[in-house]
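Reading through the structure tokens given below for one structure.
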Amino acid sequence: MAPRVLVSDELSETAVQIFRDRGVEVDFQPKLGKDKDKLAEIIGNYDGLAIRSATKATEKLIAAATNLKVIGRAGIGVDNVDIPAASKRGIIVMNTPFGNSITTAEHAIALMFAVARQLPAADTSTQAGKWEKSKFMGVEITGKTLGVIGAGNIGSIVCSRAIGLKMHVIAYDPFLSAERAQEMGVTKVELDELLGQADFITLHVPMTDKTRGIINAQALAKTKPGVRIINCARGGLVDEAALADAIKSGHVAGAGFDVFEVEPATESPLFGLPNVVCTPHLGASTTEAQENVALQVAEQMSDYLMKGAVSNAINMPSITAEEAPILKPFIKLADVLGAFVGQVNDSPIKEIEILYDGDTARMNTRALTSALLAGLIRPQVADVNMVSAPIMVKEKGIVLSEVKRDKTGVYDGFIKLTVKTDKQVRSVAGTVFSDGKPRFIQIKGINMDADVGSHMIYITNTDVPGMIGFMGTTLGDAKVNIANFQLGREKEGGDAIALLYVDGPVEQAVLDKLTANAAIKQAKLLTFAVE
């Protein structure tokens, strides 16, 4: 029987025909996404669900999707899909991460022009029969400094367009290397430098715990008087109330917003303010972009349902069906090794070296590397996947190298990750035992044998007497239970590490009490998705 796909949002007829041409039975009901009850009633009849933003793939809907194997989102954002619920049910979630990059970048540039020249207000005034030429005094773009927060796929396109407009472009991005910045023709700066120098600021970063409210009252206070701010990325990156106050005070000269903290945005502190241009999340709304992502999602879903091929998956490695049984545990290991370094590192990465030893050197290392890079980047970019991670690393100019060698030690095969920054070198190695679970076998060059836990406190310290007692007492006083622990040291009196397995999240204040001890250099809570 041919697999069945339900298209519950607007997709082009060309995209729908792709399903048919590939042998997939398709049910095109573009208005169904707005009727959640009807959708839940029939979703159990389908193997695939193709959506845009109107359909909400909630935990309740996924629970009713008894036969669903794949959800395809035509676009980059998957906020309308409960990914943990889908993953738990074994449903692959795909997106189309690069189909609307140019369109979104162009919209940011368009908003910048609109704010610089007060175009919407001037248009309204003129069409009302007024001729208020002196009222709408604008500023030139040429020669101005544009501060780009986030120089990834979309941000780099904005940089290129702005340079073509003869602007001076500065960029803040923790993953942007000096070499890549030079290649792009931009000046790499820290965030405070960008805030203090930019005449225009545009944001192109995902929403994470680190980027939420990145432009708040404190950040706005550091900006130049007369700055103009553009946000076509994600609502919540900018504190709208704080920005409204800065506009009212005259410190900020204008803003262009396509995304809002709450959407649909029926109200906002920015609405009605002078020289604030607002659009209803139109970043991806061009004919070309909508067609591109629709065609792409139809092709990806058809390839998976008919051939088992996985691409642009948020929650699934891009590997063939034949490779899956062998690669699955090592994919998990690679992700864990990347996530370990990604969580302990806080400096821009310059070089990444991945060593495949023994059996791992003969595996599909491309999939392993993609999983490792996704784990490494995920603490900074939450929606990264195995397909987009290598592209992001390349775009940021990070030097990536792989080394493959025959078995050299006691393990049949292992993976070692080494990351270099301007400040330090970090390394971690791991393998998979017969139980199929990943294990750490070396951290910072110190050999050990450690399970991967859901919540682990990673401590680096100088090997001195009393450290185990201090750690236990400090955590005990904070009512933090230590389920297990692993220790390792370089030599007596040298560098030492501890992995403390705890039952749940630990507040930063508790970690600060640990690092108050002069012998402890770092105490970091690490979290891993373990089965």
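Residues in the structure tokens are named by chain (A, B, ... in the order shown) and by number from 1 within that chain; ligands are numbered from 1 in the order shown.
Residue-level DSSP output for segment 302-384 of chain A, from the backbone, shows strand (DSSP E or B) at Ala313, Ile349, Lys350, Glu351, Ile352, Glu353, Ile354, Leu355, Tyr356, Asp357 and Gly358 of chain A.
Here atom CA of Ala63 of chain A is placed at a distance of 17.9 Å from atom CA of Val78 of chain A.
The two atoms in question, atom CA of Pro174 of chain A and atom CA of Cys159 of chain A, are spaced 16.2 Å apart.
Using only C-alpha atoms, the residues found no farther than 12 Å from Ser87 of chain A, other than those of its own chain fewer than 3 positions away, are A:Glu59, A:Ile62, A:Ala63, A:Leu68, A:Lys69, A:Val70, A:Ile71, A:Val81, A:Asp82, A:Ile83, A:Pro84, A:Gly90, A:Ile91, A:Ile92, A:Val93, A:Met94, A:Ala313, A:Ile314, A:Asn315, A:Met316, A:Ala529, A:Glu531.
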Apply DSSP to the structure's backbone, then extract all residues of segment 102-191 of chain A labelled helix (DSSP H, G or I) and return them as a VMD selection string.
chain A and resid 102 to 117 119 to 127 153 to 164 178 to 184 191
With only C-alpha atoms as the counted atoms, please give the residues lying no more than 7 Å from segment 9-23 of chain A, apart from itself and same-chain residues fewer than 6 positions off, as a PyMOL selection string.
chain A and resi 2+29-33+51-52+54-55+291+294-295+298-299+302
Keeping only N, CA and C atoms, write those residues as a PDB file, in the first residue's frame.
ATOM      1  N   ALA A   2       0.537   2.221  -0.821  1.00  0.00           N
ATOM      2  CA  ALA A   2       1.316   3.454  -0.907  1.00  0.00           C
ATOM      3  C   ALA A   2       1.164   4.268   0.371  1.00  0.00           C
ATOM      4  N   GLN A  29      -5.712  19.170   1.856  1.00  0.00           N
ATOM      5  CA  GLN A  29      -6.774  19.899   2.555  1.00  0.00           C
ATOM      6  C   GLN A  29      -6.147  21.136   3.215  1.00  0.00           C
ATOM      7  N   PRO A  30      -5.886  22.180   2.446  1.00  0.00           N
ATOM      8  CA  PRO A  30      -5.105  23.325   2.930  1.00  0.00           C
ATOM      9  C   PRO A  30      -5.755  24.145   4.036  1.00  0.00           C
ATOM     10  N   LYS A  31      -7.037  23.967   4.303  1.00  0.00           N
ATOM     11  CA  LYS A  31      -7.700  24.724   5.370  1.00  0.00           C
ATOM     12  C   LYS A  31      -7.827  23.921   6.659  1.00  0.00           C
ATOM     13  N   LEU A  32      -7.456  22.658   6.609  1.00  0.00           N
ATOM     14  CA  LEU A  32      -7.694  21.771   7.737  1.00  0.00           C
ATOM     15  C   LEU A  32      -6.855  22.129   8.960  1.00  0.00           C
ATOM     16  N   GLY A  33      -5.695  22.725   8.743  1.00  0.00           N
ATOM     17  CA  GLY A  33      -4.796  23.042   9.856  1.00  0.00           C
ATOM     18  C   GLY A  33      -5.424  23.935  10.906  1.00  0.00           C
ATOM     19  N   ILE A  51       3.124  20.564   6.556  1.00  0.00           N
ATOM     20  CA  ILE A  51       2.517  21.762   7.135  1.00  0.00           C
ATOM     21  C   ILE A  51       3.350  23.004   6.854  1.00  0.00           C
ATOM     22  N   ARG A  52       2.721  24.144   7.100  1.00  0.00           N
ATOM     23  CA  ARG A  52       3.433  25.408   7.203  1.00  0.00           C
ATOM     24  C   ARG A  52       3.329  25.851   8.659  1.00  0.00           C
ATOM     25  N   ALA A  54       0.283  27.296  10.092  1.00  0.00           N
ATOM     26  CA  ALA A  54      -1.082  27.297  10.626  1.00  0.00           C
ATOM     27  C   ALA A  54      -1.381  26.045  11.434  1.00  0.00           C
ATOM     28  N   THR A  55      -0.905  24.907  10.980  1.00  0.00           N
ATOM     29  CA  THR A  55      -1.148  23.651  11.694  1.00  0.00           C
ATOM     30  C   THR A  55      -0.269  23.571  12.938  1.00  0.00           C
ATOM     31  N   GLU A 291       7.448  28.900  -2.634  1.00  0.00           N
ATOM     32  CA  GLU A 291       7.530  27.802  -3.588  1.00  0.00           C
ATOM     33  C   GLU A 291       8.745  26.919  -3.293  1.00  0.00           C
ATOM     34  N   ALA A 294       8.172  24.718  -0.219  1.00  0.00           N
ATOM     35  CA  ALA A 294       7.122  23.734  -0.471  1.00  0.00           C
ATOM     36  C   ALA A 294       7.661  22.570  -1.306  1.00  0.00           C
ATOM     37  N   LEU A 295       8.390  22.893  -2.363  1.00  0.00           N
ATOM     38  CA  LEU A 295       8.972  21.852  -3.195  1.00  0.00           C
ATOM     39  C   LEU A 295       9.970  21.015  -2.402  1.00  0.00           C
ATOM     40  N   ALA A 298       8.267  18.571   0.074  1.00  0.00           N
ATOM     41  CA  ALA A 298       7.632  17.457  -0.639  1.00  0.00           C
ATOM     42  C   ALA A 298       8.669  16.433  -1.080  1.00  0.00           C
ATOM     43  N   GLU A 299       9.805  16.905  -1.562  1.00  0.00           N
ATOM     44  CA  GLU A 299      10.876  16.003  -1.990  1.00  0.00           C
ATOM     45  C   GLU A 299      11.449  15.229  -0.805  1.00  0.00           C
ATOM     46  N   SER A 302       8.889  12.622   0.541  1.00  0.00           N
ATOM     47  CA  SER A 302       8.741  11.517  -0.414  1.00  0.00           C
ATOM     48  C   SER A 302       9.953  10.601  -0.361  1.00  0.00           C
TER      49      SER A 302
END
Within 8 Å of segment 272-281 of chain A: each segment 89-206 of chain A residue with its shortest pair, only C-alpha atoms, as a Markdown table:
| residue | atom | partner | partner_atom | distance |
| --- | --- | --- | --- | --- |
| A:Leu111 | CA | A:Val277 | CA | 7.2 |
| A:Ala114 | CA | A:Val277 | CA | 7.2 |
| A:Val115 | CA | A:Asn275 | CA | 6.3 |
| A:Gln118 | CA | A:Asn275 | CA | 6.0 |
| A:Pro120 | CA | A:Val277 | CA | 7.1 |
| A:Ala121 | CA | A:Asn275 | CA | 7.4 |
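Compared by their closest atoms to Gly283 of chain A, and using only C-alpha atoms, the residues A:Gly254, A:Gly436, A:Gly99, A:Pro348 rank with A:Gly99 nearest.
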Set the distance at 10 Å and use only C-alpha atoms: which residues neighbour segment 509-512 of chain A once local chain neighbours fewer than 6 positions away are removed? I'd like the list as a VMD selection string.
chain A and resid 457 459 474 to 475 477 to 480 522 to 525
Write a file of the selected residues as a PDB file, in the first residue's frame, keeping N, CA, C and O atoms.
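Result file follows (again04.pdb):
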ATOM      1  N   ILE A 457      27.261  17.350  37.083  1.00  0.00           N
ATOM      2  CA  ILE A 457      28.078  18.520  37.396  1.00  0.00           C
ATOM      3  C   ILE A 457      29.518  18.173  37.040  1.00  0.00           C
ATOM      4  O   ILE A 457      30.095  17.227  37.579  1.00  0.00           O
ATOM      5  N   ILE A 459      33.320  19.189  37.123  1.00  0.00           N
ATOM      6  CA  ILE A 459      34.203  20.018  37.943  1.00  0.00           C
ATOM      7  C   ILE A 459      35.647  19.787  37.536  1.00  0.00           C
ATOM      8  O   ILE A 459      36.082  18.641  37.376  1.00  0.00           O
ATOM      9  N   THR A 474      28.987  20.675  50.228  1.00  0.00           N
ATOM     10  CA  THR A 474      28.377  21.840  49.583  1.00  0.00           C
ATOM     11  C   THR A 474      27.062  21.469  48.916  1.00  0.00           C
ATOM     12  O   THR A 474      26.049  22.162  49.064  1.00  0.00           O
ATOM     13  N   LEU A 475      27.063  20.362  48.201  1.00  0.00           N
ATOM     14  CA  LEU A 475      25.837  19.945  47.520  1.00  0.00           C
ATOM     15  C   LEU A 475      24.808  19.429  48.514  1.00  0.00           C
ATOM     16  O   LEU A 475      23.604  19.658  48.354  1.00  0.00           O
ATOM     17  N   ASP A 477      24.396  20.455  51.612  1.00  0.00           N
ATOM     18  CA  ASP A 477      23.781  21.626  52.252  1.00  0.00           C
ATOM     19  C   ASP A 477      22.731  22.268  51.358  1.00  0.00           C
ATOM     20  O   ASP A 477      21.770  22.872  51.844  1.00  0.00           O
ATOM     21  N   ALA A 478      22.912  22.136  50.039  1.00  0.00           N
ATOM     22  CA  ALA A 478      21.967  22.718  49.079  1.00  0.00           C
ATOM     23  C   ALA A 478      20.846  21.738  48.722  1.00  0.00           C
ATOM     24  O   ALA A 478      20.054  22.009  47.808  1.00  0.00           O
ATOM     25  N   LYS A 479      20.798  20.600  49.423  1.00  0.00           N
ATOM     26  CA  LYS A 479      19.768  19.580  49.191  1.00  0.00           C
ATOM     27  C   LYS A 479      19.869  18.975  47.788  1.00  0.00           C
ATOM     28  O   LYS A 479      18.864  18.572  47.193  1.00  0.00           O
ATOM     29  N   VAL A 480      21.081  18.902  47.274  1.00  0.00           N
ATOM     30  CA  VAL A 480      21.324  18.276  45.981  1.00  0.00           C
ATOM     31  C   VAL A 480      21.860  16.873  46.226  1.00  0.00           C
ATOM     32  O   VAL A 480      22.893  16.700  46.865  1.00  0.00           O
ATOM     33  N   GLN A 522      36.414  25.241  37.694  1.00  0.00           N
ATOM     34  CA  GLN A 522      35.157  25.306  36.954  1.00  0.00           C
ATOM     35  C   GLN A 522      34.172  24.317  37.539  1.00  0.00           C
ATOM     36  O   GLN A 522      34.541  23.205  37.923  1.00  0.00           O
ATOM     37  N   ALA A 523      32.898  24.721  37.628  1.00  0.00           N
ATOM     38  CA  ALA A 523      31.814  23.825  38.023  1.00  0.00           C
ATOM     39  C   ALA A 523      30.639  24.124  37.111  1.00  0.00           C
ATOM     40  O   ALA A 523      30.062  25.210  37.165  1.00  0.00           O
ATOM     41  N   LYS A 524      30.292  23.180  36.272  1.00  0.00           N
ATOM     42  CA  LYS A 524      29.292  23.415  35.234  1.00  0.00           C
ATOM     43  C   LYS A 524      28.272  22.290  35.242  1.00  0.00           C
ATOM     44  O   LYS A 524      28.624  21.114  35.265  1.00  0.00           O
ATOM     45  N   LEU A 525      26.992  22.662  35.236  1.00  0.00           N
ATOM     46  CA  LEU A 525      25.945  21.661  35.116  1.00  0.00           C
ATOM     47  C   LEU A 525      25.755  21.306  33.647  1.00  0.00           C
ATOM     48  O   LEU A 525      25.518  22.168  32.811  1.00  0.00           O
TER      49      LEU A 525
END
Looking at A:Gly476, A:Gly72, A:Pro465, A:Gly77, which one is nearest to Gly494 of chain A, with distances taken over only C-alpha atoms?
A:Pro465
Using only C-alpha atoms, which of the listed residues (A:Ile76, A:Ala389, A:Val5, A:Val530) sits closest to Ala233 of chain A?
A:Ile76
